[in-house]
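Peer 1: This is the content of structure05.txt (compact mmCIF, C-alpha atoms):
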# COMPACT_ATOMS: atom_id res chain seq x y z
CA MET A 595 -48.66 -11.33 2.74
CA ASN A 596 -48.86 -8.00 0.95
CA ASN A 597 -52.33 -7.67 -0.54
CA ARG A 598 -51.69 -4.45 -2.44
CA ASP A 599 -53.23 -4.38 -5.86
CA MET A 600 -50.98 -4.60 -8.85
CA HIS A 601 -50.87 -1.05 -10.18
CA THR A 602 -49.79 -1.65 -13.75
CA ARG A 603 -50.60 -0.49 -17.22
CA LEU A 604 -51.13 -3.23 -19.73
CA TRP A 605 -49.40 -2.79 -23.04
CA THR A 606 -49.93 -5.02 -26.03
CA VAL A 607 -47.42 -5.60 -28.80
CA SER A 608 -49.45 -5.83 -31.99
CA ARG A 609 -46.81 -8.09 -33.48
CA ILE A 610 -43.46 -9.53 -32.43
CA SER A 611 -41.21 -9.92 -35.43
CA GLY A 612 -38.30 -12.20 -36.19
CA LEU A 613 -37.69 -15.89 -35.76
CA LEU A 614 -38.95 -16.82 -32.27
CA LEU A 615 -37.58 -20.02 -30.79
CA ALA A 616 -39.38 -21.85 -28.02
CA ALA A 617 -37.50 -22.74 -24.85
CA THR A 618 -38.46 -24.23 -21.50
CA LEU A 619 -37.94 -22.83 -18.03
CA LEU A 620 -37.96 -24.94 -14.90
CA ASN A 621 -39.83 -23.68 -13.24
CA GLY A 622 -36.07 -11.52 -10.92
CA CYS A 623 -27.71 4.73 -16.25
CA GLN A 624 -26.85 5.59 -19.68
CA LEU A 625 -29.54 5.69 -22.33
CA LEU A 626 -27.90 3.69 -25.12
CA GLU A 627 -30.90 3.98 -27.37
CA LYS A 628 -34.31 5.53 -26.93
CA ARG A 629 -36.95 3.93 -29.14
CA THR A 630 -40.46 5.37 -29.12
CA THR A 631 -43.65 4.94 -31.03
CA ASP A 632 -47.03 6.61 -31.20
CA THR A 633 -49.67 4.80 -29.20
CA ALA A 634 -53.42 4.69 -29.15
CA THR A 635 -55.09 3.92 -25.84
CA GLN A 636 -58.04 1.55 -25.71
CA PRO A 637 -59.73 0.86 -22.36
CA ALA A 638 -59.96 -2.82 -21.41
CA GLY A 639 -62.38 -2.60 -18.51
CA PRO A 640 -62.35 -0.56 -15.28
CA GLY A 641 -58.99 -0.75 -13.57
CA TRP A 642 -57.20 -1.99 -16.68
CA GLU A 643 -55.61 0.01 -19.49
CA SER A 644 -54.56 -1.56 -22.76
CA VAL A 645 -52.17 0.39 -24.97
CA ARG A 646 -51.55 -0.93 -28.49
CA LEU A 647 -48.49 0.05 -30.46
CA ALA A 648 -49.06 1.74 -33.76
CA PRO A 649 -49.85 -0.84 -36.51
CA GLY A 650 -46.76 -2.21 -38.17
CA THR A 651 -44.41 -1.25 -35.35
CA ASP A 652 -42.84 -3.24 -32.56
CA SER A 653 -40.65 -0.57 -30.96
CA LEU A 654 -40.56 0.29 -27.29
CA GLU A 655 -38.72 2.81 -25.17
CA LEU A 656 -36.04 0.59 -23.64
CA ARG A 657 -32.68 1.15 -22.06
CA THR A 658 -29.82 -0.89 -20.73
CA GLY A 659 -30.23 -2.10 -17.16
CA GLN A 660 -34.00 -2.47 -17.08
CA VAL A 661 -35.37 -5.62 -15.49
CA VAL A 662 -37.89 -7.84 -17.25
CA VAL A 663 -40.00 -10.24 -15.19
CA THR A 664 -42.20 -13.07 -16.32
CA ASP A 665 -44.20 -16.05 -15.14
CA SER A 666 -44.72 -18.93 -17.52
CA GLY A 667 -47.50 -20.41 -15.40
CA GLY A 668 -47.72 -24.00 -14.32
CA PRO A 669 -46.84 -25.89 -11.15
CA ALA A 670 -43.20 -24.79 -10.88
CA ALA A 671 -44.21 -21.11 -10.92
CA LEU A 672 -46.62 -21.56 -8.01
CA PHE A 673 -44.18 -23.80 -6.14
CA PHE A 674 -41.38 -21.23 -6.19
CA SER A 675 -43.76 -18.41 -5.27
CA LEU A 676 -44.40 -20.26 -2.00
CA PHE A 677 -40.78 -19.73 -1.01
CA ALA A 678 -41.66 -16.31 0.40
CA ALA A 679 -44.47 -15.34 2.75
CA GLU A 680 -45.15 -12.29 0.58
CA TYR A 681 -46.81 -13.18 -2.71
CA SER A 682 -44.94 -12.41 -5.92
CA PRO A 683 -46.84 -12.52 -9.23
CA PHE A 684 -43.63 -13.25 -11.16
CA VAL A 685 -40.97 -15.87 -10.52
CA HIS A 686 -38.38 -15.20 -13.23
CA SER A 687 -36.32 -12.15 -14.18
CA GLY A 688 -33.63 -10.99 -16.56
CA ILE A 689 -31.67 -7.83 -17.37
CA ILE A 690 -32.12 -5.93 -20.64
CA VAL A 691 -29.00 -4.77 -22.50
CA ILE A 692 -29.26 -2.76 -25.73
CA GLU A 693 -26.70 -4.10 -28.19
CA GLN A 694 -26.39 -2.59 -31.66
CA GLY A 695 -29.83 -1.05 -31.27
CA GLU A 696 -31.58 -4.28 -30.27
CA PRO A 697 -32.73 -5.40 -26.81
CA TRP A 698 -31.22 -8.61 -25.42
CA VAL A 699 -32.09 -10.28 -22.13
CA TYR A 700 -29.38 -11.75 -19.90
CA GLU A 701 -30.80 -14.41 -17.61
CA THR A 702 -30.07 -17.70 -15.96
CA PHE A 703 -32.32 -20.72 -15.62
CA GLY A 704 -32.00 -24.44 -15.21
CA ARG A 705 -33.25 -27.51 -16.99
CA ILE A 706 -33.77 -30.74 -15.15
CA ARG A 707 -32.28 -34.02 -16.33
CA PRO A 708 -34.47 -36.65 -14.72
CA TRP A 709 -32.90 -39.62 -13.03
CA LEU A 710 -34.89 -41.71 -10.60
CA GLY A 711 -33.55 -42.00 -7.09
CA ARG A 712 -31.91 -38.57 -6.91
CA ARG A 713 -33.30 -35.25 -5.75
CA PRO A 714 -34.31 -32.90 -8.58
CA THR A 715 -31.99 -30.05 -7.61
CA ASP A 716 -28.93 -32.28 -8.05
CA LEU A 717 -29.95 -32.86 -11.65
CA ILE A 718 -30.60 -29.28 -12.76
CA ARG A 719 -28.10 -27.77 -15.16
CA GLY A 720 -27.97 -24.30 -16.64
CA GLU A 721 -25.90 -21.15 -16.96
CA VAL A 722 -26.15 -17.43 -17.66
CA THR A 723 -27.36 -16.94 -21.20
CA ARG A 724 -28.67 -14.19 -23.45
CA ARG A 725 -31.52 -14.10 -25.93
CA PRO A 726 -33.43 -11.45 -27.93
CA LEU A 727 -36.25 -9.82 -25.97
CA PRO A 728 -38.97 -11.15 -28.35
CA GLU A 729 -37.73 -14.70 -27.78
CA PHE A 730 -37.80 -14.13 -24.01
CA VAL A 731 -41.42 -12.96 -24.26
CA LYS A 732 -42.36 -15.85 -26.52
CA ARG A 733 -41.13 -18.38 -23.99
CA GLY A 734 -42.93 -16.80 -21.03
CA LYS A 735 -45.97 -15.60 -23.04
CA TYR A 736 -46.29 -12.52 -20.82
CA ALA A 737 -43.61 -10.22 -19.42
CA GLU A 738 -43.40 -6.85 -17.73
CA ILE A 739 -40.49 -4.40 -17.96
CA TYR A 740 -39.47 -2.05 -15.15
CA ASP A 741 -36.92 0.74 -15.20
CA LEU A 742 -33.82 0.44 -13.09
CA PRO A 743 -33.74 2.50 -9.88
CA ALA A 744 -32.45 6.05 -9.92
CA ASP A 745 -28.68 6.51 -9.72
CA VAL A 746 -27.96 2.95 -10.85
CA ASP A 747 -25.29 2.91 -13.58
CA GLY A 748 -26.62 0.91 -16.52
CA ASN A 749 -23.13 0.54 -17.98
CA GLN A 750 -21.96 -1.23 -14.85
CA VAL A 751 -25.10 -3.39 -14.84
CA ALA A 752 -24.38 -4.43 -18.41
CA ALA A 753 -20.71 -5.09 -17.66
CA PHE A 754 -21.71 -7.40 -14.80
CA VAL A 755 -24.15 -9.56 -16.74
CA LYS A 756 -21.83 -9.73 -19.74
CA ALA A 757 -19.03 -10.91 -17.47
CA GLN A 758 -21.25 -13.66 -16.03
CA PHE A 759 -22.22 -14.68 -19.57
CA ALA A 760 -18.57 -14.84 -20.63
CA ARG A 761 -17.73 -16.96 -17.57
CA ARG A 762 -20.73 -19.18 -18.19
CA THR A 763 -21.68 -18.77 -14.54
CA PRO A 764 -23.83 -21.79 -13.67
CA PHE A 765 -27.42 -21.70 -12.53
CA ASP A 766 -27.84 -22.20 -8.78
CA PRO A 767 -30.72 -24.62 -8.05
CA TYR A 768 -30.04 -24.35 -4.30
CA PHE A 769 -30.74 -20.58 -4.09
CA ARG A 770 -27.58 -19.78 -2.12
CA PHE A 771 -27.41 -16.01 -2.31
CA ASP A 772 -24.30 -15.96 -0.12
CA GLU A 773 -22.33 -17.95 -2.69
CA HIS A 774 -22.08 -16.10 -6.00
CA ASP A 775 -20.10 -18.69 -7.94
CA ALA A 776 -23.53 -19.86 -9.15
CA MET A 777 -26.66 -17.73 -9.45
CA TYR A 778 -30.41 -18.06 -9.73
CA CYS A 779 -32.36 -15.63 -11.90
CA THR A 780 -33.37 -12.93 -9.40
CA GLU A 781 -29.95 -13.17 -7.77
CA LEU A 782 -28.32 -12.34 -11.12
CA SER A 783 -30.63 -9.33 -11.54
CA ALA A 784 -30.09 -8.08 -7.99
CA LEU A 785 -26.30 -8.46 -8.15
CA ALA A 786 -26.22 -6.75 -11.54
CA TRP A 787 -28.07 -3.76 -10.13
CA GLY A 788 -25.77 -3.92 -7.10
CA ALA A 789 -22.78 -3.62 -9.42
CA GLY A 790 -24.41 -0.44 -10.72
CA GLY A 791 -24.81 1.05 -7.24
CA TRP A 792 -28.13 -0.40 -6.02
CA GLN A 793 -28.54 -1.23 -2.35
CA THR A 794 -29.48 -4.91 -2.37
CA PRO A 795 -32.57 -5.46 -0.17
CA PRO A 796 -32.67 -8.00 2.65
CA LEU A 797 -33.43 -11.57 1.66
CA LEU A 798 -37.05 -12.57 2.12
CA ALA A 799 -37.44 -15.27 4.73
CA PHE A 800 -39.08 -18.56 3.91
CA PRO A 801 -42.60 -18.99 5.31
CA ASP A 802 -43.12 -20.91 8.53
CA ASN A 803 -44.60 -24.03 6.99
CA PRO A 804 -43.31 -27.41 8.25
CA SER A 805 -44.19 -29.25 5.03
CA LEU A 806 -42.42 -26.72 2.81
CA THR A 807 -39.45 -26.73 5.17
CA ARG A 808 -39.09 -30.51 4.81
CA VAL A 809 -39.30 -30.26 1.01
CA ARG A 810 -36.83 -27.39 0.96
CA GLN A 811 -34.37 -29.35 3.12
CA TRP A 812 -34.78 -32.38 0.87
CA LEU A 813 -33.97 -30.18 -2.14
CA GLY A 814 -30.85 -28.91 -0.36
CA ILE A 815 -32.06 -25.30 -0.14
CA GLU A 816 -30.65 -23.65 2.98
CA ASP A 817 -32.66 -21.45 5.33
CA ILE A 818 -31.19 -18.09 4.33
CA GLY A 819 -34.08 -16.65 2.31
CA THR A 820 -34.22 -15.47 -1.28
CA ILE A 821 -34.47 -12.44 -3.51
CA GLN A 822 -37.92 -12.41 -5.13
CA SER A 823 -39.11 -10.60 -8.25
CA GLN A 824 -41.35 -8.21 -6.31
CA GLN A 825 -38.22 -6.72 -4.72
CA LEU A 826 -37.01 -5.65 -8.17
CA ILE A 827 -40.18 -3.98 -9.41
CA ALA A 828 -42.18 -0.93 -8.38
CA PRO A 829 -45.33 0.59 -9.94
CA GLU A 830 -43.64 3.98 -10.48
CA ARG A 831 -40.88 2.31 -12.54
CA PHE A 832 -43.24 0.36 -14.81
CA VAL A 833 -42.29 0.65 -18.50
CA ALA A 834 -44.43 -1.80 -20.44
CA ALA A 835 -45.98 -5.24 -20.61
CA LEU A 836 -45.40 -7.51 -23.58
CA SER A 837 -47.51 -10.49 -24.47
CA ILE A 838 -48.17 -12.97 -27.24
CA LEU A 839 -51.61 -13.61 -25.74
CA LYS A 840 -54.70 -12.21 -27.44
CA GLN A 841 -56.31 -11.32 -24.11
CA GLN A 842 -53.65 -9.91 -21.82
CA ALA A 843 -56.13 -9.21 -19.01
CA ARG A 844 -56.71 -12.96 -18.70
CA PHE A 845 -53.13 -13.31 -17.52
CA HIS A 846 -54.06 -11.18 -14.54
CA VAL A 847 -56.90 -13.56 -13.79
CA TYR A 848 -54.22 -16.26 -13.54
CA ILE A 849 -52.19 -13.98 -11.24
CA GLU A 850 -55.18 -13.70 -8.91
CA LEU A 851 -55.79 -17.47 -8.99
CA LYS A 852 -52.17 -18.04 -8.00
CA ARG A 853 -52.45 -15.32 -5.34
CA GLU A 854 -55.44 -17.10 -3.79
CA LEU A 855 -53.61 -20.44 -3.71
CA HIS A 856 -50.63 -18.69 -2.10
CA ARG A 857 -52.95 -17.07 0.49
CA ARG A 858 -54.41 -20.46 1.35
CA PHE A 859 -51.02 -22.07 1.85
CA THR A 860 -51.11 -21.60 5.60
CA ALA A 861 -48.86 -23.25 8.19
CA GLU A 862 -50.95 -26.41 8.43
CA GLN A 863 -51.08 -26.97 4.67
CA LYS A 864 -48.87 -29.59 3.06
CA VAL A 865 -46.98 -29.21 -0.22
CA GLY A 866 -48.55 -32.51 -1.28
CA ASN A 867 -52.00 -30.89 -1.11
CA LEU A 868 -51.00 -28.77 -4.11
CA PHE A 869 -48.46 -30.81 -6.06
CA GLU A 870 -47.36 -34.27 -6.96
CA TRP A 871 -43.99 -35.38 -8.37
CA ASN A 872 -44.22 -38.02 -11.08
CA GLY A 873 -40.48 -38.71 -11.13
CA LYS A 874 -39.87 -36.32 -14.03
CA ASN A 875 -42.17 -33.32 -13.58
CA LEU A 876 -43.98 -31.37 -10.92
CA GLU A 877 -47.75 -31.53 -11.46
CA PHE A 878 -50.80 -29.91 -9.88
CA ARG A 879 -53.09 -32.08 -7.84
CA GLU A 880 -56.43 -32.53 -9.60
CA PRO A 881 -58.44 -30.18 -7.30
CA VAL A 882 -55.87 -27.41 -7.83
CA ARG A 883 -55.84 -27.96 -11.58
CA ASP A 884 -59.66 -27.85 -11.63
CA PHE A 885 -59.63 -24.60 -9.64
CA ILE A 886 -57.31 -22.95 -12.17
CA VAL A 887 -59.30 -24.24 -15.15
CA ARG A 888 -62.61 -23.08 -13.68
CA GLY A 889 -61.09 -19.75 -12.68
CA MET A 890 -59.84 -19.05 -16.18
CA GLU A 891 -63.35 -19.72 -17.48
CA ILE A 892 -65.03 -17.12 -15.25
CA TYR A 893 -64.82 -14.31 -17.81
CA ARG A 894 -64.84 -16.29 -21.01
CA GLY A 895 -66.73 -14.32 -23.65
CA ARG A 896 -66.94 -11.15 -21.59
CA GLU A 897 -64.78 -8.31 -20.45
CA VAL A 898 -62.42 -8.85 -17.54
CA PRO A 899 -63.47 -6.42 -14.76
CA ALA A 900 -61.37 -4.37 -12.37
CA VAL A 901 -58.72 -6.22 -10.37
CA GLU A 902 -60.70 -5.85 -7.12
CA GLN A 903 -63.68 -7.63 -8.68
CA VAL A 904 -61.43 -10.34 -10.15
CA ARG A 905 -59.95 -10.99 -6.72
CA GLN A 906 -63.39 -11.17 -5.15
CA ASP A 907 -64.69 -13.56 -7.83
CA VAL A 908 -61.63 -15.78 -7.48
CA ARG A 909 -62.05 -15.96 -3.71
CA THR A 910 -65.74 -16.78 -4.11
CA LEU A 911 -64.82 -19.68 -6.38
CA ALA A 912 -62.17 -20.85 -3.90
CA VAL A 913 -64.69 -20.86 -1.05
CA GLN A 914 -67.12 -22.85 -3.18
CA MET A 915 -64.47 -25.46 -4.01
CA PHE A 916 -62.33 -25.56 -0.86
CA GLY A 917 -64.23 -23.79 1.91
CA GLU A 918 -63.13 -20.82 4.02
CA VAL A 919 -59.51 -20.34 5.00
CA ARG A 920 -58.94 -21.46 8.57
CA SER A 921 -57.23 -18.78 10.62
Since I need it in another form, could you write the structure as structure tokens?

Peer 2:
Amino acid sequence: MNNRDMHTRLWTVSRISGLLLAATLLNGCQLLEKRTTDTATQPAGPGWESVRLAPGTDSLELRTGQVVVTDSGGPAALFFSLFAAEYSPFVHSGIIVIEQGEPWVYETFGRIRPWLGRRPTDLIRGEVTRRPLPEFVKRGKYAEIYDLPADVDGNQVAAFVKAQFARRTPFDPYFRFDEHDAMYCTELSALAWGAGGWQTPPLLAFPDNPSLTRVRQWLGIEDIGTIQSQQLIAPERFVAALSILKQQARFHVYIELKRELHRRFTAEQKVGNLFEWNGKNLEFREPVRDFIVRGMEIYRGREVPAVEQVRQDVRTLAVQMFGEVRS
């Protein structure tokens, strides 16, 4: 697992305008318009930087082809992060396209239609869709935007995602990257960049965990690996972070809590130690839920410290609750 710190700058949108509709997720050139605003920097603790947009503005410097990644939290987010040995703080992605001066996000996701006696993946339905960027942020609560790699043609990226939207390309709940008649979210982003000239990276292999392998086989997910969000982002291409949360740094506490659970999911661990399936939804086991709740309370009423200290405090709590990790 890559234990590099997340080198990001935290940006806060002072307001997100327009009608924002809630949605649920089960669960990744040519400058068409350059939108800028004056900013005032306010430190948010060592290792963190919070930049607020000028009052009364909600503009950002965006361009077609950028990737936006998010993590809505919850059991599904942790579950899908386990599908790669290397930890990824985000599990969902979309592509930004500037249309008539406004940023839209092209993405694909699935919704489950519960039916007892059948595996969940057979019941997931979805397709490539588009929504305004503020609505995308509202649904995920926190999102980060990264520029597209150098020499990638944003026009071609946009043409690709628009074509998938027009075709209503279905969501792929089986994560089959070798079959592009259906796509999962990071696959759509990677293929869109590939259409613009990006060299698609190798698929990340699934971890060597017998319990996860059995669950994956039950879900019908083949052993070919996946594209994960961390393969789409890089610190030097960071653009901004958007959030509807009042304390953005607390989201990074959650990231470290999820990182620690991922670190502890060693070969002898069982998926059932973390989750339970109630026939309709994936839920955390009570000890895991308690760990997350207690972790989010660590800094209540005080400033969130540097990421290194957060990681140390989270690991201390994990040792107190679960013991040391067996090597």

Peer 1: So the first atom is atom CA of A:Gln758 and the second is atom CA of A:Leu782; what is the distance between them in Å, to one decimal place?

Peer 2: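 Between these atoms lies a distance of 8.7 Å.
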
Peer 1: When you look at A:Met777 with a cut-off of 8 Å (counting all atoms listed in the file), what residues show up, excluding the ones that are within fewer than 4 positions of it in the same chain? I need them as a VMD selection string.

Peer 2: chain A and resid 702 763 to 766 769 to 771 781 to 782

Peer 1: Calculated over all atoms listed in the file, which of the candidates A:Gly720, A:Gly659, A:Pro683, A:Pro743 has the smallest distance to A:Glu830?

Peer 2: A:Pro743

Peer 1: Between A:Arg712, A:Arg894, A:His856, A:Arg810, which is the closest to A:Arg844 once you count all atoms listed in the file?

Peer 2: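 Residue with the minimum atom-to-atom distance to A:Arg844: A:Arg894.
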
Peer 1: Go through A:Ser823, A:Gln660, A:Asn867, A:Thr794 and flag the residue nearest A:Phe677, using only C-alpha atoms for the distances.

Peer 2: A:Ser823

Peer 1: Report as a list of chain:residue names all protein, DNA and RNA residues lying within 10 Å of A:Pro697, evaluated on all atoms listed in the file, omitting residues in the same chain fewer than 5 positions from it.

Peer 2: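 Once the nearby chain positions are removed, what remains is A:Glu627, A:Leu654, A:Leu656, A:Arg657, A:Thr658, A:Ile689, A:Ile690, A:Val691, A:Ile692, A:Arg725, A:Pro726, A:Leu727, A:Pro728.
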
Peer 1: For A:Ala786, please output as a PyMOL selection string all residues within 12 Å (counting all atoms listed in the file; exclusion window: fewer than 3 positions along the same chain).

Peer 2: chain A and resi 622+658-661+687-691+700-701+742+746-759+774+777+779-783+789-794+826

Peer 1: Find, counting only C-alpha atoms, the residue in A:Gln822, A:Ser675, A:Ser666, A:Thr715 that gets nearest to A:Leu806.

Peer 2: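 Closest candidate: A:Ser675.
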
Peer 1: Which of these, A:Ile706, A:Ala744, A:Val919, A:Ile827, has the shortest distance to A:Ala670 once you count only C-alpha atoms?

Peer 2: A:Ile706

Peer 1: Near A:Phe674, counting all atoms listed in the file, which residues have an atom at most 10 Å away, once you skip same-chain residues fewer than 6 positions from it, shown as a PDB file with C-alpha atoms, in the frame of the given file?

Peer 2:
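Result file selection06.pdb:
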ATOM      1  CA  ASN A 621     -39.830 -23.680 -13.240  1.00  0.00           C
ATOM      2  CA  SER A 682     -44.940 -12.410  -5.920  1.00  0.00           C
ATOM      3  CA  PHE A 684     -43.630 -13.250 -11.160  1.00  0.00           C
ATOM      4  CA  VAL A 685     -40.970 -15.870 -10.520  1.00  0.00           C
ATOM      5  CA  HIS A 686     -38.380 -15.200 -13.230  1.00  0.00           C
ATOM      6  CA  GLN A 822     -37.920 -12.410  -5.130  1.00  0.00           C
TER       7      GLN A 822
END

Peer 1: The residues within 12 Å of (-34.4, -33.7, 0.7), using all atoms listed in the file and the coordinates of the file, should be reported as a ChimeraX atom specification; which are they?

Peer 2: /A:711-716,768,805-816

Peer 1: Using all atoms listed in the file - which residues lie no farther than 7 Å from the point (-59.6, -22.1, -4.7) in the file's frame? Write them as a list in words.

Peer 2: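 Final list of nearby residues, as requested, is Glu854, Leu855, Phe885, Arg909, Leu911, Ala912, Val913, Met915 and Phe916 of chain A.
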
Peer 1: Would you mind listing what lies within 12 Å of A:Arg883 as a list of chain:residue names, with all atoms listed in the file counted and same-chain residues fewer than 6 positions away left out?

Peer 2: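 The residues satisfying every condition are A:Gly667, A:Gly668, A:Pro669, A:Leu672, A:Tyr848, A:Leu851, A:Lys852, A:Leu855, A:Asn867, A:Leu868, A:Phe869, A:Glu870, A:Glu877, A:Gly889, A:Met890, A:Met915.
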
Peer 1: In Å to one decimal, how far is atom CA of A:Pro795 from atom CA of A:Phe832?

Peer 2: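 Straight-line distance from atom CA of A:Phe832 to atom CA of A:Pro795 works out to 19.0 Å.
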
Peer 1: Taking into account only C-alpha atoms, which residue in the set A:Arg896, A:Arg831, A:Arg857, A:Arg719 is nearest to A:Ala678?

Peer 2: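 Counting only C-alpha atoms, the residue closest to A:Ala678 is A:Arg857.
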
Peer 1: For stretch 843-861 of chain A, I'd like the enclosing box, axis-aligned and padded by 8 Å on every side, reported as JSON with centre and edge lengths in Å to one decimal.

Peer 2:
{"center_x": -52.9, "center_y": -16.2, "center_z": -5.4, "size_x": 24.0, "size_y": 30.0, "size_z": 43.2}
